[in-house]
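So this block is run12.pdb, PDB, C-alpha atoms:
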MODEL        1
ATOM      1  CA  MET A   1      25.955 -10.202  -6.712
ATOM      2  CA  LYS A   2      24.338 -11.948  -3.732
ATOM      3  CA  LYS A   3      27.469 -11.395  -1.638
ATOM      4  CA  ASN A   4      27.434  -7.681  -2.460
ATOM      5  CA  ILE A   5      23.774  -7.398  -1.442
ATOM      6  CA  LEU A   6      24.516  -9.215   1.824
ATOM      7  CA  LEU A   7      27.468  -6.935   2.571
ATOM      8  CA  PHE A   8      25.255  -3.918   1.871
ATOM      9  CA  LEU A   9      22.554  -5.149   4.256
ATOM     10  CA  MET A  10      24.887  -6.207   7.096
ATOM     11  CA  PRO A  11      25.201  -2.735   8.712
ATOM     12  CA  PHE A  12      21.429  -2.235   8.630
ATOM     13  CA  LEU A  13      20.823  -5.660  10.175
ATOM     14  CA  PHE A  14      23.342  -4.907  12.905
ATOM     15  CA  PHE A  15      21.709  -1.619  13.847
ATOM     16  CA  THR A  16      18.273  -3.239  13.658
ATOM     17  CA  ALA A  17      19.380  -5.830  16.215
ATOM     18  CA  ALA A  18      20.772  -3.102  18.457
ATOM     19  CA  HIS A  19      17.562  -1.114  18.121
ATOM     20  CA  ALA A  20      15.533  -4.188  19.128
ATOM     21  CA  LEU A  21      17.060  -4.119  22.603
ATOM     22  CA  GLU A  22      15.282  -0.802  23.198
ATOM     23  CA  GLN A  23      11.854  -2.074  22.076
ATOM     24  CA  ASP A  24       8.941  -3.656  23.948
ATOM     25  CA  GLN A  25       7.908  -7.257  23.483
ATOM     26  CA  ALA A  26       6.433  -8.327  20.157
ATOM     27  CA  ASN A  27       2.781  -7.397  19.719
ATOM     28  CA  PHE A  28      -0.214  -8.083  17.549
ATOM     29  CA  TYR A  29      -1.659  -4.913  16.077
ATOM     30  CA  ALA A  30      -4.516  -3.607  13.958
ATOM     31  CA  LYS A  31      -4.266  -0.711  11.534
ATOM     32  CA  PHE A  32      -6.873   1.333   9.700
ATOM     33  CA  LEU A  33      -5.902   3.735   6.931
ATOM     34  CA  SER A  34      -7.740   5.979   4.493
ATOM     35  CA  GLY A  35      -6.584   8.510   1.955
ATOM     36  CA  ALA A  36      -6.292   9.483  -1.700
ATOM     37  CA  ASN A  37      -5.681   7.084  -4.565
ATOM     38  CA  PHE A  38      -4.235   8.186  -7.899
ATOM     39  CA  LEU A  39      -4.610   5.743 -10.794
ATOM     40  CA  GLN A  40      -2.306   6.080 -13.772
ATOM     41  CA  ASN A  41      -3.683   6.280 -17.303
ATOM     42  CA  ALA A  42      -4.374   2.822 -18.703
ATOM     43  CA  THR A  43      -4.985   1.108 -22.043
ATOM     44  CA  THR A  44      -6.993  -2.131 -22.034
ATOM     45  CA  ASN A  45      -8.072  -3.925 -25.209
ATOM     46  CA  GLY A  46      -7.487  -0.747 -27.189
ATOM     47  CA  ASN A  47      -9.573   1.417 -24.832
ATOM     48  CA  LYS A  48      -7.618   4.356 -23.411
ATOM     49  CA  SER A  49      -8.673   5.578 -19.963
ATOM     50  CA  THR A  50      -7.826   8.498 -17.714
ATOM     51  CA  PHE A  51      -9.048   8.761 -14.133
ATOM     52  CA  LYS A  52      -9.910  11.325 -11.504
ATOM     53  CA  ALA A  53      -8.376  11.232  -8.041
ATOM     54  CA  GLY A  54     -10.103   8.605  -5.913
ATOM     55  CA  TYR A  55      -9.830   7.085  -2.481
ATOM     56  CA  ILE A  56      -8.494   4.087  -0.607
ATOM     57  CA  ILE A  57      -9.891   2.404   2.517
ATOM     58  CA  ASP A  58      -7.463  -0.030   4.072
ATOM     59  CA  GLY A  59      -7.465  -2.423   7.036
ATOM     60  CA  MET A  60      -4.604  -4.560   8.341
ATOM     61  CA  LEU A  61      -3.896  -7.113  11.059
ATOM     62  CA  GLY A  62      -0.282  -7.832  11.852
ATOM     63  CA  TYR A  63       2.439  -9.037  14.181
ATOM     64  CA  CYS A  64       5.524  -7.043  15.110
ATOM     65  CA  TRP A  65       8.756  -8.674  16.274
ATOM     66  CA  PRO A  66      11.120  -6.846  18.655
ATOM     67  CA  TRP A  67      13.798  -6.471  15.964
ATOM     68  CA  GLY A  68      11.572  -4.269  13.804
ATOM     69  CA  MET A  69      10.132  -6.757  11.314
ATOM     70  CA  ARG A  70       6.363  -6.856  10.802
ATOM     71  CA  LEU A  71       4.145  -9.352   8.997
ATOM     72  CA  GLU A  72       0.606  -8.275   8.188
ATOM     73  CA  ALA A  73      -2.507  -9.302   6.296
ATOM     74  CA  GLU A  74      -4.230  -6.469   4.434
ATOM     75  CA  TYR A  75      -7.537  -5.805   2.712
ATOM     76  CA  ALA A  76      -7.757  -2.618   0.645
ATOM     77  CA  PHE A  77     -10.558  -1.102  -1.414
ATOM     78  CA  ARG A  78      -9.747   1.508  -4.067
ATOM     79  CA  ARG A  79     -12.167   3.462  -6.250
ATOM     80  CA  ASN A  80     -11.605   6.116  -8.930
ATOM     81  CA  ALA A  81     -14.118   7.847 -11.206
ATOM     82  CA  ILE A  82     -13.330   7.744 -14.905
ATOM     83  CA  LYS A  83     -12.319  11.121 -16.309
ATOM     84  CA  LYS A  84     -12.480   9.949 -19.923
ATOM     85  CA  ILE A  85     -12.374   6.651 -21.768
ATOM     86  CA  ASP A  86     -11.826   6.424 -25.529
ATOM     87  CA  PHE A  87     -13.374   3.242 -26.859
ATOM     88  CA  TYR A  88     -11.540   1.555 -29.687
ATOM     89  CA  VAL A  89     -14.252   2.081 -32.356
ATOM     90  CA  GLU A  90     -17.271   3.350 -30.398
ATOM     91  CA  GLY A  91     -16.538   6.959 -29.426
ATOM     92  CA  CYS A  92     -15.800   8.016 -25.859
ATOM     93  CA  SER A  93     -17.378   8.435 -22.440
ATOM     94  CA  ARG A  94     -16.797  10.712 -19.463
ATOM     95  CA  SER A  95     -18.677   8.617 -16.912
ATOM     96  CA  GLY A  96     -18.098   5.390 -15.042
ATOM     97  CA  HIS A  97     -15.703   4.122 -12.406
ATOM     98  CA  PHE A  98     -12.827   1.801 -11.649
ATOM     99  CA  GLN A  99     -12.610  -0.131  -8.399
ATOM    100  CA  SER A 100     -10.450  -2.867  -6.949
ATOM    101  CA  SER A 101     -10.376  -5.046  -3.861
ATOM    102  CA  SER A 102      -6.960  -6.312  -2.790
ATOM    103  CA  ALA A 103      -6.002  -9.106  -0.406
ATOM    104  CA  MET A 104      -2.319  -8.760   0.444
ATOM    105  CA  ALA A 105       0.395 -10.226   2.650
ATOM    106  CA  ASN A 106       2.991  -7.591   3.578
ATOM    107  CA  LEU A 107       6.455  -7.730   5.106
ATOM    108  CA  LEU A 108       7.626  -4.441   6.634
ATOM    109  CA  TRP A 109      10.860  -3.314   8.236
ATOM    110  CA  GLY A 110      11.161  -0.465  10.706
ATOM    111  CA  LEU A 111      14.366   1.375   9.857
ATOM    112  CA  PRO A 112      16.600   1.654  12.978
ATOM    113  CA  LEU A 113      17.572   5.293  12.534
ATOM    114  CA  SER A 114      17.244   6.175  16.219
ATOM    115  CA  SER A 115      20.022   3.715  17.103
ATOM    116  CA  ARG A 116      22.308   5.655  14.735
ATOM    117  CA  GLY A 117      21.450   9.027  16.213
ATOM    118  CA  CYS A 118      19.243   9.959  13.260
ATOM    119  CA  GLY A 119      15.845   9.814  14.975
ATOM    120  CA  PHE A 120      13.649  12.912  15.136
ATOM    121  CA  ARG A 121      11.011  13.391  17.847
ATOM    122  CA  ASN A 122      10.106   9.667  18.033
ATOM    123  CA  ILE A 123       9.218   9.525  14.332
ATOM    124  CA  ARG A 124      10.001   6.042  13.005
ATOM    125  CA  PRO A 125      10.285   5.366   9.241
ATOM    126  CA  PHE A 126       9.535   2.009   7.633
ATOM    127  CA  ILE A 127       9.573   0.325   4.232
ATOM    128  CA  GLY A 128       7.836  -2.784   2.971
ATOM    129  CA  LEU A 129       6.765  -5.089   0.161
ATOM    130  CA  GLY A 130       3.555  -7.015  -0.383
ATOM    131  CA  LEU A 131       2.158  -9.780  -2.590
ATOM    132  CA  GLY A 132      -1.468 -10.675  -3.082
ATOM    133  CA  TYR A 133      -4.478 -10.880  -5.357
ATOM    134  CA  ASP A 134      -6.734  -8.217  -6.874
ATOM    135  CA  PHE A 135     -10.396  -8.290  -7.881
ATOM    136  CA  ILE A 136     -10.903  -5.463 -10.385
ATOM    137  CA  GLN A 137     -13.999  -3.961 -12.003
ATOM    138  CA  MET A 138     -14.394  -1.193 -14.550
ATOM    139  CA  HIS A 139     -17.702   0.212 -15.814
ATOM    140  CA  SER A 140     -18.515   2.891 -18.377
ATOM    141  CA  SER A 141     -20.970   3.563 -21.204
ATOM    142  CA  ASN A 142     -22.174   5.959 -23.886
ATOM    143  CA  SER A 143     -25.093   5.937 -26.326
ATOM    144  CA  ARG A 144     -23.424   3.235 -28.441
ATOM    145  CA  ILE A 145     -21.749   0.874 -26.004
ATOM    146  CA  ILE A 146     -21.908  -0.452 -22.460
ATOM    147  CA  PHE A 147     -18.438  -1.312 -21.179
ATOM    148  CA  CYS A 148     -18.281  -3.668 -18.176
ATOM    149  CA  GLN A 149     -15.080  -5.542 -17.528
ATOM    150  CA  LYS A 150     -13.720  -7.635 -14.638
ATOM    151  CA  TRP A 151     -10.203  -8.867 -13.992
ATOM    152  CA  ASN A 152      -8.745 -11.123 -11.284
ATOM    153  CA  SER A 153      -4.979 -11.119 -11.050
ATOM    154  CA  LEU A 154      -1.902 -11.384  -8.895
ATOM    155  CA  SER A 155      -0.692  -8.071  -7.527
ATOM    156  CA  TRP A 156       2.269  -6.583  -5.711
ATOM    157  CA  GLN A 157       3.077  -3.367  -3.892
ATOM    158  CA  ALA A 158       5.878  -1.373  -2.329
ATOM    159  CA  MET A 159       5.336   1.011   0.565
ATOM    160  CA  ALA A 160       7.088   3.504   2.778
ATOM    161  CA  GLY A 161       5.905   5.559   5.691
ATOM    162  CA  LEU A 162       6.373   7.188   9.071
ATOM    163  CA  THR A 163       4.877   6.283  12.437
ATOM    164  CA  TYR A 164       4.532   8.492  15.485
ATOM    165  CA  PRO A 165       3.364   7.336  18.963
ATOM    166  CA  ILE A 166       0.316   9.242  20.233
ATOM    167  CA  PHE A 167      -0.691   6.999  23.185
ATOM    168  CA  CYS A 168       0.959   4.108  24.999
ATOM    169  CA  ASN A 169      -0.614   1.511  22.671
ATOM    170  CA  ALA A 170      -1.432   3.628  19.618
ATOM    171  CA  ASP A 171       0.543   5.171  16.767
ATOM    172  CA  MET A 172      -0.363   7.504  13.942
ATOM    173  CA  THR A 173       1.026   6.625  10.539
ATOM    174  CA  LEU A 174       1.553   8.423   7.229
ATOM    175  CA  GLU A 175       2.020   6.039   4.294
ATOM    176  CA  TYR A 176       2.661   5.932   0.566
ATOM    177  CA  LYS A 177       1.888   2.803  -1.449
ATOM    178  CA  PHE A 178       2.647   1.917  -5.036
ATOM    179  CA  HIS A 179       0.327  -0.905  -6.063
ATOM    180  CA  GLN A 180       0.193  -2.804  -9.354
ATOM    181  CA  GLY A 181      -2.887  -4.898 -10.055
ATOM    182  CA  GLY A 182      -2.727  -6.914 -13.255
ATOM    183  CA  ARG A 183      -0.646  -5.731 -16.190
ATOM    184  CA  HIS A 184      -2.310  -2.370 -16.760
ATOM    185  CA  PHE A 185      -3.292  -0.709 -13.484
ATOM    186  CA  TYR A 186      -0.819   1.252 -11.377
ATOM    187  CA  ASN A 187      -2.012   2.937  -8.183
ATOM    188  CA  HIS A 188      -0.317   5.590  -6.045
ATOM    189  CA  SER A 189      -1.946   5.909  -2.626
ATOM    190  CA  VAL A 190      -1.229   8.371   0.177
ATOM    191  CA  GLY A 191      -3.040   7.991   3.467
ATOM    192  CA  ILE A 192      -3.142   8.611   7.196
ATOM    193  CA  GLY A 193      -3.789   5.722   9.555
ATOM    194  CA  LEU A 194      -4.121   4.669  13.157
ATOM    195  CA  VAL A 195      -2.306   1.667  14.635
ATOM    196  CA  TYR A 196      -3.492  -0.023  17.822
ATOM    197  CA  LYS A 197      -1.155  -2.503  19.559
ATOM    198  CA  PHE A 198      -2.822  -5.253  21.536
ATOM    199  CA  SER A 199      -1.339  -6.163  24.912
ATOM    200  CA  PHE A 200      -1.679  -9.836  25.752
TER     201      PHE A 200
ENDMDL
END
What is this structure when it is put down as structure tokens?
Amino acid sequence: MKKNILLFLMPFLFFTAAHALEQDQANFYAKFLSGANFLQNATTNGNKSTFKAGYIIDGMLGYCWPWGMRLEAEYAFRRNAIKKIDFYVEGCSRSGHFQSSSAMANLLWGLPLSSRGCGFRNIRPFIGLGLGYDFIQMHSSNSRIIFCQKWNSLSWQAMAGLTYPIFCNADMTLEYKFHQGGRHFYNHSVGIGLVYKFSF
């Protein structure tokens, strides 16, 4: 199985190395992103919750190597209003909110499509994975109960996006992130960001 995976990745690694010859030197960069966050329905301790569309605010500091790999540290804040929560034995509520703060370490790979003749107008796609830790809060209430719960848990995410150069040291990015915090909370985030590359 491992040999098959390696054979599958070999062509991509080759073209990534070829693409690196066309790139500038490695750079530190900062990225800011904001957008919409969609939280899947969740059941916690017998309480069933649905959520309205919310938002994400995201900041990253990273380092990009010439061969297309990037390592970055990320802090993200997500917040969604509760659409409805059905308490196990205490009725329901249509108020409250869910929010999470995430500290993540991400590894991203810029896909070398331009070296294969597949590039389009300097648009560069990328994919990535991240591991980290989430600090989660959820609040709601009705006339019979006040619900206030906190969770701290390991988290992971997968992401994909496109970058487009707008200035010599700045790119615009469009990203999608799937983020799981804890066992119950699944986020889908879509945002637009700005990347600034530092020149040292």
(request) Excluding Phe38 in chain A and residues on its chain fewer than 6 positions from it, collect all residues at most 9 Å away from it, counting all atoms listed in the file, and give them as a PyMOL selection string. (result) chain A and resi 51-55+80+186-190
Could you save the residues just selected, with C-alpha atoms, as an mmCIF file, in the coordinates of the input?
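That gives us result.cif:
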data_model
loop_
_atom_site.group_PDB
_atom_site.id
_atom_site.type_symbol
_atom_site.label_atom_id
_atom_site.label_comp_id
_atom_site.auth_asym_id
_atom_site.auth_seq_id
_atom_site.Cartn_x
_atom_site.Cartn_y
_atom_site.Cartn_z
ATOM 1 C CA PHE A 51 -9.048 8.761 -14.133
ATOM 2 C CA LYS A 52 -9.910 11.325 -11.504
ATOM 3 C CA ALA A 53 -8.376 11.232 -8.041
ATOM 4 C CA GLY A 54 -10.103 8.605 -5.913
ATOM 5 C CA TYR A 55 -9.830 7.085 -2.481
ATOM 6 C CA ASN A 80 -11.605 6.116 -8.930
ATOM 7 C CA TYR A 186 -0.819 1.252 -11.377
ATOM 8 C CA ASN A 187 -2.012 2.937 -8.183
ATOM 9 C CA HIS A 188 -0.317 5.590 -6.045
ATOM 10 C CA SER A 189 -1.946 5.909 -2.626
ATOM 11 C CA VAL A 190 -1.229 8.371 0.177
#
(message) Once the PyMOL selection byres ((chain A and resi 97-106) around 9) is applied to the coordinates I shared, what remains selected? I want it as a ChimeraX atom specification.
(response) /A:51,62,70-83,95-96,107-108,128-140,155-157,181
Expected file contents, prior selection, C-alpha atoms, as a PDB file, in the frame of the given file:
ATOM      1  CA  PHE A  51      -9.048   8.761 -14.133  1.00  0.00           C
ATOM      2  CA  GLY A  62      -0.282  -7.832  11.852  1.00  0.00           C
ATOM      3  CA  ARG A  70       6.363  -6.856  10.802  1.00  0.00           C
ATOM      4  CA  LEU A  71       4.145  -9.352   8.997  1.00  0.00           C
ATOM      5  CA  GLU A  72       0.606  -8.275   8.188  1.00  0.00           C
ATOM      6  CA  ALA A  73      -2.507  -9.302   6.296  1.00  0.00           C
ATOM      7  CA  GLU A  74      -4.230  -6.469   4.434  1.00  0.00           C
ATOM      8  CA  TYR A  75      -7.537  -5.805   2.712  1.00  0.00           C
ATOM      9  CA  ALA A  76      -7.757  -2.618   0.645  1.00  0.00           C
ATOM     10  CA  PHE A  77     -10.558  -1.102  -1.414  1.00  0.00           C
ATOM     11  CA  ARG A  78      -9.747   1.508  -4.067  1.00  0.00           C
ATOM     12  CA  ARG A  79     -12.167   3.462  -6.250  1.00  0.00           C
ATOM     13  CA  ASN A  80     -11.605   6.116  -8.930  1.00  0.00           C
ATOM     14  CA  ALA A  81     -14.118   7.847 -11.206  1.00  0.00           C
ATOM     15  CA  ILE A  82     -13.330   7.744 -14.905  1.00  0.00           C
ATOM     16  CA  LYS A  83     -12.319  11.121 -16.309  1.00  0.00           C
ATOM     17  CA  SER A  95     -18.677   8.617 -16.912  1.00  0.00           C
ATOM     18  CA  GLY A  96     -18.098   5.390 -15.042  1.00  0.00           C
ATOM     19  CA  LEU A 107       6.455  -7.730   5.106  1.00  0.00           C
ATOM     20  CA  LEU A 108       7.626  -4.441   6.634  1.00  0.00           C
ATOM     21  CA  GLY A 128       7.836  -2.784   2.971  1.00  0.00           C
ATOM     22  CA  LEU A 129       6.765  -5.089   0.161  1.00  0.00           C
ATOM     23  CA  GLY A 130       3.555  -7.015  -0.383  1.00  0.00           C
ATOM     24  CA  LEU A 131       2.158  -9.780  -2.590  1.00  0.00           C
ATOM     25  CA  GLY A 132      -1.468 -10.675  -3.082  1.00  0.00           C
ATOM     26  CA  TYR A 133      -4.478 -10.880  -5.357  1.00  0.00           C
ATOM     27  CA  ASP A 134      -6.734  -8.217  -6.874  1.00  0.00           C
ATOM     28  CA  PHE A 135     -10.396  -8.290  -7.881  1.00  0.00           C
ATOM     29  CA  ILE A 136     -10.903  -5.463 -10.385  1.00  0.00           C
ATOM     30  CA  GLN A 137     -13.999  -3.961 -12.003  1.00  0.00           C
ATOM     31  CA  MET A 138     -14.394  -1.193 -14.550  1.00  0.00           C
ATOM     32  CA  HIS A 139     -17.702   0.212 -15.814  1.00  0.00           C
ATOM     33  CA  SER A 140     -18.515   2.891 -18.377  1.00  0.00           C
ATOM     34  CA  SER A 155      -0.692  -8.071  -7.527  1.00  0.00           C
ATOM     35  CA  TRP A 156       2.269  -6.583  -5.711  1.00  0.00           C
ATOM     36  CA  GLN A 157       3.077  -3.367  -3.892  1.00  0.00           C
ATOM     37  CA  GLY A 181      -2.887  -4.898 -10.055  1.00  0.00           C
TER      38      GLY A 181
END
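One finds CA of Thr43 in chain A at 24.9 Å from CA of Met159 in chain A.
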(request) Could you jot down the CA of Thr50 in chain A to CA of Ser153 in chain A separation for me, Å, one decimal place? (result)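 Rounded to one decimal, the two atoms are 20.9 Å apart.
Shortest separation to Ala158 in chain A among A:Ile127, A:Leu194, A:Ile57, A:Met69 occurs at residue A:Ile127, atoms counted being all atoms listed in the file.
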(message) Given the PyMOL selection byres ((chain A and resi 87-92) around 9) and the file above, list the residues it selects as a list in words.
(response)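 Matching residues under the PyMOL selection byres ((chain A and resi 87-92) around 9) are Asn45, Gly46, Asn47, Lys48, Ser49, Lys84, Ile85, Asp86, Ser93, Arg94, Ser141, Asn142, Arg144, Ile145 and Phe147 of chain A.
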Since we have the selection now, will you write its residues out, keeping C-alpha atoms, as an mmCIF file, keeping the file's coordinate frame?
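Once written, again.cif looks like this:
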data_model
loop_
_atom_site.group_PDB
_atom_site.id
_atom_site.type_symbol
_atom_site.label_atom_id
_atom_site.label_comp_id
_atom_site.auth_asym_id
_atom_site.auth_seq_id
_atom_site.Cartn_x
_atom_site.Cartn_y
_atom_site.Cartn_z
ATOM 1 C CA ASN A 45 -8.072 -3.925 -25.209
ATOM 2 C CA GLY A 46 -7.487 -0.747 -27.189
ATOM 3 C CA ASN A 47 -9.573 1.417 -24.832
ATOM 4 C CA LYS A 48 -7.618 4.356 -23.411
ATOM 5 C CA SER A 49 -8.673 5.578 -19.963
ATOM 6 C CA LYS A 84 -12.480 9.949 -19.923
ATOM 7 C CA ILE A 85 -12.374 6.651 -21.768
ATOM 8 C CA ASP A 86 -11.826 6.424 -25.529
ATOM 9 C CA SER A 93 -17.378 8.435 -22.440
ATOM 10 C CA ARG A 94 -16.797 10.712 -19.463
ATOM 11 C CA SER A 141 -20.970 3.563 -21.204
ATOM 12 C CA ASN A 142 -22.174 5.959 -23.886
ATOM 13 C CA ARG A 144 -23.424 3.235 -28.441
ATOM 14 C CA ILE A 145 -21.749 0.874 -26.004
ATOM 15 C CA PHE A 147 -18.438 -1.312 -21.179
#
(request) Would you mind telling me which residue in A:Pro125, A:Gly191, A:Gly182, A:Pro66 lies nearest to Thr163 in chain A when using only C-alpha atoms? (result)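 Closest to Thr163 in chain A of all the choices is A:Pro125.
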Box time for range 178-187 of chain A: axis-aligned, enclosing all its listed atoms, 4 Å extra on each side; report centre and edge lengths in Å to one decimal, as JSON.
{"center_x": -0.3, "center_y": -2.0, "center_z": -10.9, "size_x": 13.9, "size_y": 17.9, "size_z": 19.7}
(message) Report, in Å to a single decimal, how far apart CA of Met60 in chain A and CA of Ala36 in chain A are.
(response)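 Going from CA of Ala36 in chain A over to CA of Met60 in chain A, I get 17.3 Å.
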(request) Give the answer as one residue: which of A:Phe198, A:Trp109, A:Phe32, A:Trp151 has the shortest atom-to-atom distance to Arg183 in chain A, using only C-alpha atoms? (result)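 Result for the nearest residue to Arg183 in chain A: A:Trp151.
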(request) Might you pull out every residue within 8 Å of Ile123 in chain A, with all atoms listed in the file counted and same-chain residues fewer than 6 positions away left off, and present them as a list in words? (result) Leu162, Thr163, Tyr164 and Pro165 of chain A
(request) Report the residues retrieved by the PyMOL selection byres ((chain A and resi 33) around 6) from the displayed file, expressed as a PyMOL selection string. (result) chain A and resi 32+34+58+192-193
(request) Point out the residue among A:Cys148, A:Lys177, A:Cys168, A:Gly110 with the least atom-to-atom distance to Val195 in chain A, counting only C-alpha atoms. (result)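 Closest to Val195 in chain A, using only C-alpha atoms: A:Cys168.
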(message) Given only C-alpha atoms as the basis, pick out the residue of A:Phe167, A:Gly59, A:Trp67, A:Gln180 nearest to Lys31 in chain A.
(response)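 Nearest candidate to Lys31 in chain A out of A:Phe167, A:Gly59, A:Trp67, A:Gln180: A:Gly59.
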(message) With distances taken over all atoms listed in the file, which residue among A:Phe178, A:Gln149, A:Asn27, A:Gly68 lies nearest Pro112 in chain A?
(response) A:Gly68
Using all atoms listed in the file, determine which residues lie at most 10 Å from His184 in chain A, disregarding the query and same-chain residues fewer than 6 positions distant; provide the list as a short mmCIF file (atom, residue, chain, number, x, y, z; two decimals) with C-alpha atoms, keeping the file's coordinate frame.
data_model
loop_
_atom_site.label_atom_id
_atom_site.label_comp_id
_atom_site.auth_asym_id
_atom_site.auth_seq_id
_atom_site.Cartn_x
_atom_site.Cartn_y
_atom_site.Cartn_z
CA GLN A 40 -2.31 6.08 -13.77
CA ASN A 41 -3.68 6.28 -17.30
CA ALA A 42 -4.37 2.82 -18.70
CA THR A 43 -4.99 1.11 -22.04
CA THR A 44 -6.99 -2.13 -22.03
#
